[in-house]
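**Student:** Please find my_file.cif (mmCIF, C-alpha atoms) on the next line:
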```cif
data_my_file
#
loop_
_atom_site.label_atom_id
_atom_site.label_comp_id
_atom_site.auth_asym_id
_atom_site.auth_seq_id
_atom_site.Cartn_x
_atom_site.Cartn_y
_atom_site.Cartn_z
CA MET A 296 -54.31 -66.21 14.33
CA ASN A 297 -52.84 -69.38 12.86
CA ARG A 298 -54.23 -70.99 9.72
CA ILE A 299 -56.28 -73.60 11.61
CA THR A 300 -58.12 -70.97 13.65
CA LYS A 301 -58.63 -68.86 10.53
CA LEU A 302 -60.10 -71.81 8.61
CA PHE A 303 -62.70 -72.62 11.26
CA LYS A 304 -63.58 -68.95 11.66
CA GLU A 305 -64.23 -68.57 7.93
CA LYS A 306 -65.81 -71.98 7.22
CA LYS A 307 -68.22 -73.60 9.66
CA ASN A 308 -69.08 -76.88 7.95
CA ASN A 309 -68.09 -79.43 5.31
CA ILE A 310 -64.40 -78.97 6.12
CA LEU A 311 -62.41 -81.69 4.40
CA SER A 312 -59.09 -82.72 5.92
CA ILE A 313 -56.89 -85.31 4.21
CA TYR A 314 -54.27 -87.47 5.90
CA TYR A 315 -51.33 -89.00 4.04
CA THR A 316 -48.02 -90.53 5.04
CA ALA A 317 -44.84 -88.56 4.34
CA GLY A 318 -42.59 -90.47 1.95
CA TYR A 319 -45.38 -92.55 0.42
CA PRO A 320 -45.78 -93.72 -2.28
CA GLY A 321 -42.49 -92.09 -3.28
CA LEU A 322 -39.91 -90.73 -0.85
CA GLY A 323 -40.00 -87.35 -2.56
CA ASP A 324 -43.78 -87.07 -2.98
CA THR A 325 -44.58 -85.19 0.24
CA ILE A 326 -44.83 -81.67 -1.20
CA ALA A 327 -46.26 -82.79 -4.55
CA ILE A 328 -49.18 -84.47 -2.76
CA ALA A 329 -49.78 -81.37 -0.63
CA ASN A 330 -49.87 -79.17 -3.73
CA ALA A 331 -52.23 -81.51 -5.56
CA LEU A 332 -54.59 -81.81 -2.59
CA GLU A 333 -54.91 -78.06 -2.15
CA LYS A 334 -55.57 -77.57 -5.86
CA ALA A 335 -58.20 -80.33 -5.74
CA GLY A 336 -60.12 -78.70 -2.87
CA ALA A 337 -58.79 -80.00 0.44
CA ASP A 338 -59.31 -77.56 3.31
CA MET A 339 -56.62 -78.95 5.60
CA LEU A 340 -53.81 -81.51 5.50
CA GLU A 341 -52.47 -83.98 8.04
CA ILE A 342 -49.05 -85.30 7.12
CA GLY A 343 -48.13 -88.46 8.98
CA PHE A 344 -44.55 -88.99 10.07
CA PRO A 345 -44.04 -92.77 10.00
CA TYR A 346 -43.18 -94.88 13.02
CA SER A 347 -42.25 -98.53 13.31
CA ASP A 348 -45.03 -99.39 15.80
CA PRO A 349 -48.19 -97.49 14.69
CA VAL A 350 -50.59 -99.21 17.08
CA ALA A 351 -53.67 -97.07 16.27
CA ASP A 352 -53.35 -97.49 12.52
CA GLY A 353 -54.99 -100.10 10.36
CA PRO A 354 -53.14 -102.23 7.80
CA VAL A 355 -53.21 -99.68 4.94
CA ILE A 356 -51.55 -96.86 6.90
CA GLN A 357 -49.24 -99.32 8.66
CA ALA A 358 -48.06 -100.54 5.26
CA SER A 359 -47.54 -96.98 4.02
CA SER A 360 -45.48 -96.18 7.13
CA LYS A 361 -43.30 -99.25 6.68
CA HIS A 362 -42.78 -98.41 3.00
CA ALA A 363 -41.80 -94.83 3.87
CA LEU A 364 -39.42 -95.95 6.63
CA ASP A 365 -37.84 -98.52 4.35
CA GLN A 366 -37.19 -95.76 1.82
CA GLY A 367 -35.48 -93.60 4.46
CA MET A 368 -38.17 -91.22 5.71
CA ASP A 369 -37.60 -89.73 9.16
CA LEU A 370 -38.24 -86.40 10.85
CA ASN A 371 -34.95 -84.92 9.68
CA LEU A 372 -35.78 -85.62 6.05
CA LEU A 373 -39.40 -84.57 6.49
CA PHE A 374 -38.49 -81.15 7.85
CA GLU A 375 -35.98 -80.74 5.03
CA GLN A 376 -38.75 -81.46 2.52
CA LEU A 377 -41.19 -79.16 4.30
CA LYS A 378 -38.90 -76.16 3.75
CA GLU A 379 -40.61 -75.98 0.35
CA LEU A 380 -44.14 -76.26 1.77
CA ARG A 381 -45.16 -72.63 2.11
CA LYS A 382 -43.83 -71.64 -1.29
CA THR A 383 -47.03 -73.07 -2.74
CA VAL A 384 -49.35 -74.44 -0.02
CA THR A 385 -51.61 -71.97 1.79
CA ILE A 386 -54.07 -74.22 3.68
CA PRO A 387 -53.52 -75.42 7.27
CA VAL A 388 -51.06 -78.29 7.70
CA LEU A 389 -50.64 -80.53 10.73
CA LEU A 390 -48.13 -83.25 11.44
CA MET A 391 -49.53 -86.47 12.85
CA GLY A 392 -47.62 -89.31 14.44
CA TYR A 393 -46.52 -90.99 17.63
CA VAL A 394 -44.72 -89.45 20.56
CA ASN A 395 -41.59 -91.63 20.49
CA PRO A 396 -40.04 -90.01 17.38
CA VAL A 397 -40.90 -86.56 18.78
CA LEU A 398 -39.15 -87.31 22.07
CA GLN A 399 -36.13 -88.69 20.25
CA TYR A 400 -35.99 -85.59 18.06
CA GLY A 401 -36.51 -83.30 21.07
CA VAL A 402 -39.87 -81.66 21.79
CA GLU A 403 -38.67 -78.05 21.63
CA ARG A 404 -36.55 -78.77 18.56
CA PHE A 405 -39.58 -80.45 16.96
CA CYS A 406 -41.89 -77.51 17.71
CA GLU A 407 -39.31 -75.00 16.48
CA ALA A 408 -38.85 -76.96 13.26
CA CYS A 409 -42.62 -77.05 12.74
CA ALA A 410 -42.83 -73.27 13.13
CA GLN A 411 -39.91 -72.69 10.77
CA VAL A 412 -41.50 -74.66 7.91
CA GLY A 413 -45.04 -73.39 8.42
CA VAL A 414 -46.71 -76.34 10.15
CA ASP A 415 -49.74 -75.13 12.12
CA GLY A 416 -50.38 -77.96 14.55
CA CYS A 417 -49.76 -81.53 15.63
CA ILE A 418 -51.76 -84.65 16.41
CA VAL A 419 -49.85 -87.01 18.70
CA PRO A 420 -52.42 -89.57 19.87
CA ASP A 421 -50.22 -91.27 22.47
CA LEU A 422 -49.00 -88.07 24.14
CA PRO A 423 -50.76 -88.15 27.54
CA MET A 424 -52.85 -85.07 28.25
CA VAL A 425 -51.35 -84.68 31.73
CA GLU A 426 -47.79 -84.73 30.35
CA TYR A 427 -48.71 -82.26 27.61
CA GLU A 428 -50.19 -79.83 30.11
CA GLU A 429 -47.34 -80.13 32.61
CA PHE A 430 -44.29 -80.36 30.35
CA TYR A 431 -45.03 -79.33 26.76
CA LYS A 432 -47.98 -76.94 26.55
CA ASP A 433 -45.87 -73.81 26.94
CA THR A 434 -43.48 -74.99 24.24
CA PHE A 435 -46.31 -75.64 21.77
CA LEU A 436 -47.78 -72.21 22.51
CA LYS A 437 -44.37 -70.55 22.22
CA TYR A 438 -44.12 -71.73 18.62
CA GLY A 439 -47.77 -71.09 17.75
CA LEU A 440 -48.71 -74.74 17.36
CA SER A 441 -52.15 -76.21 17.96
CA ASN A 442 -52.06 -79.57 19.74
CA VAL A 443 -55.07 -81.64 18.74
CA PHE A 444 -56.51 -84.15 21.19
CA LEU A 445 -58.58 -87.21 20.36
CA VAL A 446 -61.96 -88.07 21.86
CA THR A 447 -63.54 -91.54 21.66
CA PRO A 448 -67.06 -92.75 22.49
CA GLN A 449 -65.70 -93.81 25.88
CA THR A 450 -64.18 -90.42 26.81
CA SER A 451 -65.77 -89.01 29.94
CA VAL A 452 -67.56 -85.65 30.01
CA GLU A 453 -65.00 -84.37 32.51
CA ARG A 454 -62.09 -85.29 30.23
CA ILE A 455 -63.78 -83.78 27.17
CA HIS A 456 -64.17 -80.47 28.99
CA LYS A 457 -60.52 -80.63 30.02
CA ILE A 458 -59.48 -81.33 26.43
CA ASP A 459 -61.59 -78.39 25.31
CA SER A 460 -59.85 -76.10 27.79
CA LEU A 461 -56.40 -77.19 26.55
CA SER A 462 -57.22 -77.00 22.84
CA ASN A 463 -56.66 -74.09 20.49
CA GLY A 464 -57.45 -75.59 17.11
CA PHE A 465 -60.04 -78.35 16.90
CA ILE A 466 -60.97 -81.59 18.67
CA TYR A 467 -60.62 -84.87 16.78
CA LEU A 468 -63.64 -87.12 17.35
CA LEU A 469 -62.91 -90.77 16.65
CA SER A 470 -65.94 -92.47 15.20
CA SER A 471 -65.00 -95.59 17.17
CA SER A 472 -62.26 -96.95 19.39
CA ALA A 473 -61.01 -99.23 16.60
CA THR A 474 -57.95 -98.70 14.45
CA THR A 475 -58.01 -96.56 11.32
CA GLY A 476 -59.56 -97.99 8.18
CA GLN A 477 -62.87 -99.16 9.63
CA ASN A 478 -66.00 -98.07 7.78
CA LEU A 479 -68.02 -95.33 9.45
CA GLN A 480 -71.29 -96.80 10.64
CA VAL A 481 -73.55 -94.24 12.26
CA SER A 482 -75.59 -96.56 14.48
CA ASP A 483 -77.98 -95.30 17.12
CA THR A 484 -75.14 -95.54 19.64
CA THR A 485 -72.70 -93.61 17.46
CA ALA A 486 -75.30 -90.97 16.61
CA ALA A 487 -76.01 -90.54 20.33
CA TYR A 488 -72.28 -90.09 20.99
CA PHE A 489 -71.92 -87.45 18.25
CA SER A 490 -75.09 -85.69 19.41
CA ARG A 491 -73.87 -85.71 23.01
CA ILE A 492 -70.66 -83.96 21.96
CA ALA A 493 -72.57 -81.40 19.89
CA ALA A 494 -74.89 -80.67 22.83
CA MET A 495 -71.89 -79.86 25.05
CA GLU A 496 -71.36 -76.65 23.02
CA LEU A 497 -67.59 -76.88 23.23
CA ASN A 498 -65.41 -73.84 22.63
CA ASN A 499 -63.45 -75.64 19.92
CA PRO A 500 -64.73 -76.95 16.59
CA THR A 501 -64.79 -80.70 16.01
CA MET A 502 -63.73 -82.99 13.18
CA ILE A 503 -64.74 -86.64 12.82
CA GLY A 504 -62.20 -89.21 11.69
CA PHE A 505 -61.75 -93.00 11.32
CA GLY A 506 -63.90 -94.71 8.70
CA ILE A 507 -64.71 -91.86 6.30
CA SER A 508 -64.18 -93.25 2.83
CA SER A 509 -66.97 -91.92 0.61
CA LYS A 510 -69.10 -88.86 -0.01
CA GLU A 511 -71.89 -90.57 1.92
CA THR A 512 -69.78 -91.13 5.04
CA PHE A 513 -68.26 -87.64 4.76
CA ASP A 514 -71.75 -86.10 4.64
CA LYS A 515 -72.76 -88.16 7.68
CA ALA A 516 -69.78 -86.82 9.62
CA CYS A 517 -70.63 -83.25 8.64
CA LYS A 518 -74.10 -83.60 10.17
CA TYR A 519 -72.51 -83.91 13.59
CA ALA A 520 -69.23 -81.97 13.33
CA ASN A 521 -67.55 -79.18 11.38
CA GLY A 522 -66.08 -81.66 8.95
CA GLY A 523 -64.43 -84.99 8.34
CA ILE A 524 -60.94 -86.44 8.10
CA ILE A 525 -60.09 -88.97 5.41
CA GLY A 526 -56.96 -91.08 5.74
CA THR A 527 -57.04 -94.76 4.83
CA ALA A 528 -59.20 -94.35 1.72
CA PHE A 529 -56.90 -91.65 0.36
CA VAL A 530 -53.67 -93.50 1.13
CA LYS A 531 -55.13 -96.61 -0.53
CA SER A 532 -55.81 -94.58 -3.68
CA LEU A 533 -52.24 -93.34 -4.09
CA SER A 534 -49.98 -94.64 -6.78
CA SER A 535 -46.60 -93.48 -8.06
CA ASP A 536 -48.04 -93.53 -11.59
CA LYS A 537 -50.08 -90.46 -12.53
CA LEU A 538 -50.03 -89.13 -8.95
CA ASN A 539 -51.79 -85.84 -9.70
CA GLU A 540 -54.48 -87.51 -11.78
CA ASN A 541 -55.15 -90.06 -9.03
CA ILE A 542 -55.48 -87.33 -6.42
CA ASP A 543 -57.75 -85.23 -8.59
CA ALA A 544 -60.01 -88.21 -9.31
CA PHE A 545 -60.22 -89.11 -5.61
CA MET A 546 -61.05 -85.57 -4.54
CA LYS A 547 -63.80 -85.22 -7.14
CA MET A 548 -65.83 -87.73 -5.12
CA PHE A 549 -66.02 -85.18 -2.31
CA ARG A 550 -65.85 -81.86 -4.15
CA ALA A 551 -68.07 -82.54 -7.15
#
```
Can you dump the structure from the file as structure tokens?

**Tutor:**
Amino acid sequence: MNRITKLFKEKKNNILSIYYTAGYPGLGDTIAIANALEKAGADMLEIGFPYSDPVADGPVIQASSKHALDQGMDLNLLFEQLKELRKTVTIPVLLMGYVNPVLQYGVERFCEACAQVGVDGCIVPDLPMVEYEEFYKDTFLKYGLSNVFLVTPQTSVERIHKIDSLSNGFIYLLSSSATTGQNLQVSDTTAAYFSRIAAMELNNPTMIGFGISSKETFDKACKYANGGIIGTAFVKSLSSDKLNENIDAFMKMFRA
């Protein structure tokens, strides 16, 4: 049982997952941020590997990716840094990014590297489900990695069931089809979408992301799913000065 499965088995609600970009704000901050987040009460981490064309990301995460790339962050350096991860971090960790760097690195080499450093899963939004199932599923399973798929309000029932059958961690529910950084507005339409997913009684737990930036929006997400994912608001809060203090202050909003 990998750490993601164990987390959702032991904790059914109010799961807090935090996204941040590797190499931001400082090139060497990746592990320090992970340590600080676990100590401050995060249940799960999503570490973004930056890419030059992050089409699904809003301006804050795009800027963090550019900053990290400009400083020299890439998958080789990230995996080198992550060799220190499991010396101190015990919570589930996923890598999140775009498929192009993974293909350039080599899918099997990428999955093997993830397993070697203790990464539990991946979120690759632009990896087509059909290609994953046909070409890469066995490799992910070989190395014990959960591949997390995204669902939007426009995703068909048939596709959601297919995603559920291919998943072995959790399903990422986008609050909207917009880019990251939009505020979560639970309108009647959005509430109906979340309720529709809950009524499907999927085999996998669900997490809501995109637009969660406060305790209020996190609590809204937890009414409809097992927890929420915070990215833009956290990345925006980061500063090279007093990094641990900034992280602790941010997390107190959600773990008070």

**Student:** Near stretch 405-409 of chain A, within 8 Å and counting all atoms listed in the file, which residues show up once chain neighbours fewer than 2 positions away are dropped, as a list of chain:residue names?

**Tutor:**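 My list of contacting residues is A:Phe374, A:Val397, A:Tyr400, A:Gly401, A:Val402, A:Glu403, A:Gln411, A:Val412, A:Gly413, A:Val414, A:Asp415, A:Thr434, A:Phe435, A:Tyr438, A:Leu440.
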
**Student:** So which one's closest to A:Lys510, A:Ala410, A:Val355, A:Ala493, A:Met548? Using only C-alpha atoms, please.

**Tutor:**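 Smallest distance to A:Lys510 is found for A:Met548.
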
**Student:** What's around A:Ala516 at 10 Å? Count all atoms listed in the file, leave out sequence neighbours fewer than 5 positions away in its own chain, and write the answer as number ranges by chain.

**Tutor:** A: 309, 468, 470, 479, 481, 486, 489, 502-504, 506-507, 510-511, 521-524

**Student:** With only C-alpha atoms as the atoms that count, which of A:Ile299, A:Leu422, A:His362, A:Gln376 lies nearest to A:Met339?

**Tutor:**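 The shortest atom-to-atom distance to A:Met339 comes from A:Ile299.
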
**Student:** Using the chain letters and numbers from the file, give me the residues hit by the PyMOL selection byres ((chain A and resi 301) around 12), as a list in words.

**Tutor:**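 Output of the PyMOL selection byres ((chain A and resi 301) around 12): Met296, Asn297, Arg298, Ile299, Thr300, Leu302, Phe303, Lys304, Glu305, Lys306, Lys307, Asp338, Met339, Thr385, Ile386, Pro387, Asp415, Asn463, Gly464, Phe465 and Pro500 of chain A.
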
**Student:** So that I can check the surroundings of A:Ile418, please list as a short mmCIF file (atom, residue, chain, number, x, y, z; two decimals) with C-alpha atoms, in the frame of the given file every protein, DNA and RNA residue that reaches within 8 Å of it, counting all atoms listed in the file and ignoring chain neighbours fewer than 6 positions away.

**Tutor:**
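Now in result_37.cif:
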```cif
data_model
loop_
_atom_site.label_atom_id
_atom_site.label_comp_id
_atom_site.auth_asym_id
_atom_site.auth_seq_id
_atom_site.Cartn_x
_atom_site.Cartn_y
_atom_site.Cartn_z
CA LEU A 389 -50.64 -80.53 10.73
CA LEU A 390 -48.13 -83.25 11.44
CA MET A 391 -49.53 -86.47 12.85
CA GLY A 392 -47.62 -89.31 14.44
CA ASN A 442 -52.06 -79.57 19.74
CA VAL A 443 -55.07 -81.64 18.74
CA PHE A 444 -56.51 -84.15 21.19
#
```

**Student:** List as a ChimeraX atom specification the protein and nucleic acid residues near A:Asn330, meaning an atom at most 12 Å away when all atoms listed in the file are counted, but skip any in the same chain fewer than 3 places from it.

**Tutor:** /A:324-327,333-340,377,379-386,388,538-539,542-543

**Student:** Is it possible to get the residues within 12 Å of (-47.9, -98.4, 8.0) (coordinates as in the file, counting all atoms listed in the file) written as a PyMOL selection string?

**Tutor:** chain A and resi 315-320+343-365+392+474-476+526-527+530-531

**Student:** Using atom CA of A:Tyr488 and atom CA of A:Asp421 as the two end points, give the distance in Å to one decimal.

**Tutor:**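 Answer for the atom CA of A:Tyr488 to atom CA of A:Asp421 separation: 22.1 Å.
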
**Student:** Interatomic distance between atom CA of A:Glu453 and atom CA of A:Cys417?

**Tutor:** 22.9 Å

**Student:** For atom CA of A:Glu428 and atom CA of A:Leu461, quote the distance in Å rounded to one decimal.

**Tutor:**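 The value is 7.6 Å.
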
**Student:** Pick the closest to A:Lys537 from A:Leu311, A:Ala331, A:Leu370, A:Thr450: which is it, counting all atoms listed in the file?

**Tutor:**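 Checking each candidate against A:Lys537, we get A:Ala331 as the closest.
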
**Student:** So, counting only C-alpha atoms, which residue among A:Gly416, A:Ala494, A:Leu469, A:Tyr427 is closest to A:Val452?

**Tutor:**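 Of A:Gly416, A:Ala494, A:Leu469, A:Tyr427, the one nearest A:Val452, counting only C-alpha atoms, is A:Ala494.
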
**Student:** Draw an axis-aligned box tight on the listed atoms of stretch 506-515 of chain A, then pad every side by 5 Å and write out centre and edge lengths in Å to one decimal as lines of an AutoDock Vina configuration file.

**Tutor:**
```
center_x = -68.3
center_y = -90.4
center_z = 4.3
size_x = 18.9
size_y = 18.6
size_z = 18.7
```
